[in-house]
>>> print(open('model-v9.cif').read())   # mmCIF, C-alpha atoms and all ligand atoms; chains and numbers go by the auth columns
data_final
loop_
_atom_site.group_PDB
_atom_site.id
_atom_site.type_symbol
_atom_site.label_atom_id
_atom_site.label_comp_id
_atom_site.label_asym_id
_atom_site.label_seq_id
_atom_site.Cartn_x
_atom_site.Cartn_y
_atom_site.Cartn_z
_atom_site.B_iso_or_equiv
_atom_site.auth_seq_id
_atom_site.auth_asym_id
ATOM 1 C CA MET A 1 0.000 0.000 0.000 0.00 105 A
ATOM 2 C CA THR A 2 1.482 3.313 -1.058 0.00 106 A
ATOM 3 C CA ALA A 3 -1.366 5.633 -0.067 0.00 107 A
ATOM 4 C CA LYS A 4 -0.612 7.794 2.934 0.00 108 A
ATOM 5 C CA ASP A 5 -3.042 9.274 5.387 0.00 109 A
ATOM 6 C CA PHE A 6 -2.392 12.201 7.680 0.00 110 A
ATOM 7 C CA PRO A 7 -3.890 13.408 10.965 0.00 111 A
ATOM 8 C CA PHE A 8 -7.458 14.568 10.403 0.00 112 A
ATOM 9 C CA THR A 9 -7.053 18.051 11.896 0.00 113 A
ATOM 10 C CA GLU A 10 -3.891 18.717 9.879 0.00 114 A
ATOM 11 C CA VAL A 11 -5.567 17.682 6.653 0.00 115 A
ATOM 12 C CA VAL A 12 -8.656 19.794 7.287 0.00 116 A
ATOM 13 C CA GLU A 13 -6.534 22.796 8.218 0.00 117 A
ATOM 14 C CA GLN A 14 -4.475 22.508 5.071 0.00 118 A
ATOM 15 C CA ALA A 15 -7.396 21.761 2.778 0.00 119 A
ATOM 16 C CA SER A 16 -9.359 24.708 4.222 0.00 120 A
ATOM 17 C CA LYS A 17 -6.699 27.039 2.879 0.00 121 A
ATOM 18 C CA TYR A 18 -7.187 25.638 -0.604 0.00 122 A
ATOM 19 C CA ILE A 19 -10.952 25.911 -0.289 0.00 123 A
ATOM 20 C CA GLU A 20 -10.674 29.515 0.870 0.00 124 A
ATOM 21 C CA ALA A 21 -8.452 30.198 -2.122 0.00 125 A
ATOM 22 C CA GLY A 22 -11.228 28.945 -4.376 0.00 126 A
ATOM 23 C CA HIS A 23 -10.068 25.408 -5.065 0.00 127 A
ATOM 24 C CA VAL A 24 -12.055 22.210 -4.846 0.00 128 A
ATOM 25 C CA VAL A 25 -10.892 19.310 -2.730 0.00 129 A
ATOM 26 C CA HIS A 26 -12.248 15.827 -2.184 0.00 130 A
ATOM 27 C CA GLN A 27 -11.514 13.942 0.991 0.00 131 A
ATOM 28 C CA LYS A 28 -9.801 10.579 0.673 0.00 132 A
ATOM 29 C CA PHE A 29 -9.368 7.835 3.225 0.00 133 A
ATOM 30 C CA THR A 30 -8.337 4.226 3.457 0.00 134 A
ATOM 31 C CA CYS A 31 -10.854 1.575 4.472 0.00 135 A
ATOM 32 C CA HIS A 32 -9.768 0.043 7.767 0.00 136 A
ATOM 33 C CA ARG A 33 -11.152 -3.370 6.816 0.00 137 A
ATOM 34 C CA CYS A 34 -10.157 -4.025 3.216 0.00 138 A
ATOM 35 C CA GLY A 35 -7.585 -1.277 2.729 0.00 139 A
ATOM 36 C CA SER A 36 -9.158 0.104 -0.423 0.00 140 A
ATOM 37 C CA ARG A 37 -8.720 3.777 -1.205 0.00 141 A
ATOM 38 C CA GLN A 38 -11.930 5.764 -1.034 0.00 142 A
ATOM 39 C CA THR A 39 -12.696 9.253 -2.344 0.00 143 A
ATOM 40 C CA MET A 40 -15.679 11.246 -1.125 0.00 144 A
ATOM 41 C CA ASP A 41 -18.157 12.432 -3.741 0.00 145 A
ATOM 42 C CA VAL A 42 -19.004 15.653 -1.922 0.00 146 A
ATOM 43 C CA PRO A 43 -16.545 18.464 -2.694 0.00 147 A
ATOM 44 C CA ASN A 44 -15.041 20.667 0.014 0.00 148 A
ATOM 45 C CA LYS A 45 -16.482 18.627 2.837 0.00 149 A
ATOM 46 C CA PHE A 46 -14.640 16.552 5.411 0.00 150 A
ATOM 47 C CA PHE A 47 -16.446 13.662 7.027 0.00 151 A
ATOM 48 C CA LEU A 48 -15.659 12.215 10.449 0.00 152 A
ATOM 49 C CA ALA A 49 -16.381 8.719 9.224 0.00 153 A
ATOM 50 C CA GLY A 50 -16.632 7.104 5.826 0.00 154 A
ATOM 51 C CA LYS A 51 -18.298 4.048 4.396 0.00 155 A
ATOM 52 C CA CYS A 52 -16.302 1.830 2.083 0.00 156 A
ATOM 53 C CA GLU A 53 -17.840 1.270 -1.349 0.00 157 A
ATOM 54 C CA GLU A 54 -16.042 -2.044 -1.648 0.00 158 A
ATOM 55 C CA CYS A 55 -16.897 -3.839 1.564 0.00 159 A
ATOM 56 C CA GLY A 56 -19.371 -1.540 3.360 0.00 160 A
ATOM 57 C CA ALA A 57 -17.251 -1.095 6.476 0.00 161 A
ATOM 58 C CA VAL A 58 -17.362 2.285 8.209 0.00 162 A
ATOM 59 C CA THR A 59 -13.969 3.784 8.954 0.00 163 A
ATOM 60 C CA ASP A 60 -13.359 6.208 11.809 0.00 164 A
ATOM 61 C CA ILE A 61 -11.563 8.847 9.787 0.00 165 A
ATOM 62 C CA VAL A 62 -10.813 11.134 12.727 0.00 166 A
ATOM 63 C CA ARG A 63 -8.908 8.346 14.431 0.00 167 A
ATOM 64 C CA ARG A 64 -7.253 6.868 11.367 0.00 168 A
ATOM 65 C CA GLY A 65 -6.441 9.995 9.411 0.00 169 A
ATOM 66 C CA CYS A 66 -7.153 10.936 5.835 0.00 170 A
ATOM 67 C CA ASN A 67 -5.915 12.846 2.861 0.00 171 A
ATOM 68 C CA TYR A 68 -7.449 14.843 0.049 0.00 172 A
ATOM 69 C CA VAL A 69 -7.181 15.352 -3.654 0.00 173 A
ATOM 70 C CA LEU A 70 -7.005 18.848 -5.083 0.00 174 A
ATOM 71 C CA VAL A 71 -9.091 19.349 -8.212 0.00 175 A
ATOM 72 C CA ALA A 72 -7.192 21.665 -10.516 0.00 176 A
ATOM 73 C CA GLY A 73 -8.875 24.222 -12.699 0.00 177 A
ATOM 74 C CA ALA A 74 -12.117 24.337 -10.748 0.00 178 A
ATOM 75 C CA ALA A 75 -11.394 27.643 -9.027 0.00 179 A
ATOM 76 C CA LYS A 76 -13.472 29.887 -11.254 0.00 180 A
ATOM 77 C CA ASP A 77 -16.515 27.627 -10.931 0.00 181 A
ATOM 78 C CA VAL A 78 -16.273 27.913 -7.171 0.00 182 A
ATOM 79 C CA PHE A 79 -16.056 31.694 -7.313 0.00 183 A
ATOM 80 C CA ALA A 80 -19.129 31.687 -9.527 0.00 184 A
ATOM 81 C CA GLY A 81 -20.906 29.657 -6.884 0.00 185 A
ATOM 82 C CA SER A 82 -21.552 26.610 -8.999 0.00 186 A
ATOM 83 C CA ILE A 83 -19.959 23.750 -7.146 0.00 187 A
ATOM 84 C CA GLN A 84 -20.844 20.542 -8.940 0.00 188 A
HETATM 85 ZN ZN ZN B . -13.494 -1.742 2.590 0.00 201 B
#
>>> encode(input="model-v9.cif", output="structure tokens")
Amino acid sequence: MTAKDFPFTEVVEQASKYIEAGHVVHQKFTCHRCGSRQTMDVPNKFFLAGKCEECGAVTDIVRRGCNYVLVAGAAKDVFAGSIQ
């Protein structure tokens, strides 16, 4: 497994700066049961727990940490208020 997760509060703090700057981020986490990498569908939102689409297990993201993916080129859509 090469995916890395970071402390929840650190990730949220860092991602918030991108969001404030007009970028779009999607939270990512690793399923504690099957280890599959999950990406949240909802942009700019950080969940405390996440359900795995592969095995259905719920992961405690606050305890286990997470990461995020930065969506490039979406900044102007956010400023226009049309988050998809
Ligand atoms: Zn799973």
>>> closest_residue(input="model-v9.cif", among="A:Lys121, A:His127, A:Lys132, A:Arg167", to="Phe150 in chain A", atoms="all atoms listed in the file")
A:Lys132
>>> resolve_selection(input="model-v9.cif", expression="the PyMOL selection byres (((not hetatm)) within 10 of (chain B and resi 201))", output="list in words")
Thr134, Cys135, His136, Arg137, Cys138, Gly139, Ser140, Arg141, Gln142, Gly154, Lys155, Cys156, Glu157, Glu158, Cys159, Gly160, Ala161, Val162 and Thr163 of chain A
>>> atom_distance(input="model-v9.cif", atom1="CA of Phe133 in chain A", atom2="CA of Ile165 in chain A")
7.0 Å
>>> residues_around(input="model-v9.cif", residues="Tyr122 in chain A", least_positions_apart="4", cutoff="12 Å", atoms="all atoms listed in the file", output="ChimeraX atom specification")
/A:115-118,126-130,147-148,172-176,178-179,182
>>> atom_distance(input="model-v9.cif", atom1="CA of Arg168 in chain A", atom2="CA of Asp109 in chain A")
7.7 Å
>>> atom_distance(input="model-v9.cif", atom1="CA of Phe151 in chain A", atom2="CA of Lys108 in chain A")
17.4 Å
>>> closest_residue(input="model-v9.cif", among="A:Asn171, A:Gln131, A:Ser120, A:Thr143", to="Ala107 in chain A", atoms="only C-alpha atoms")
A:Asn171
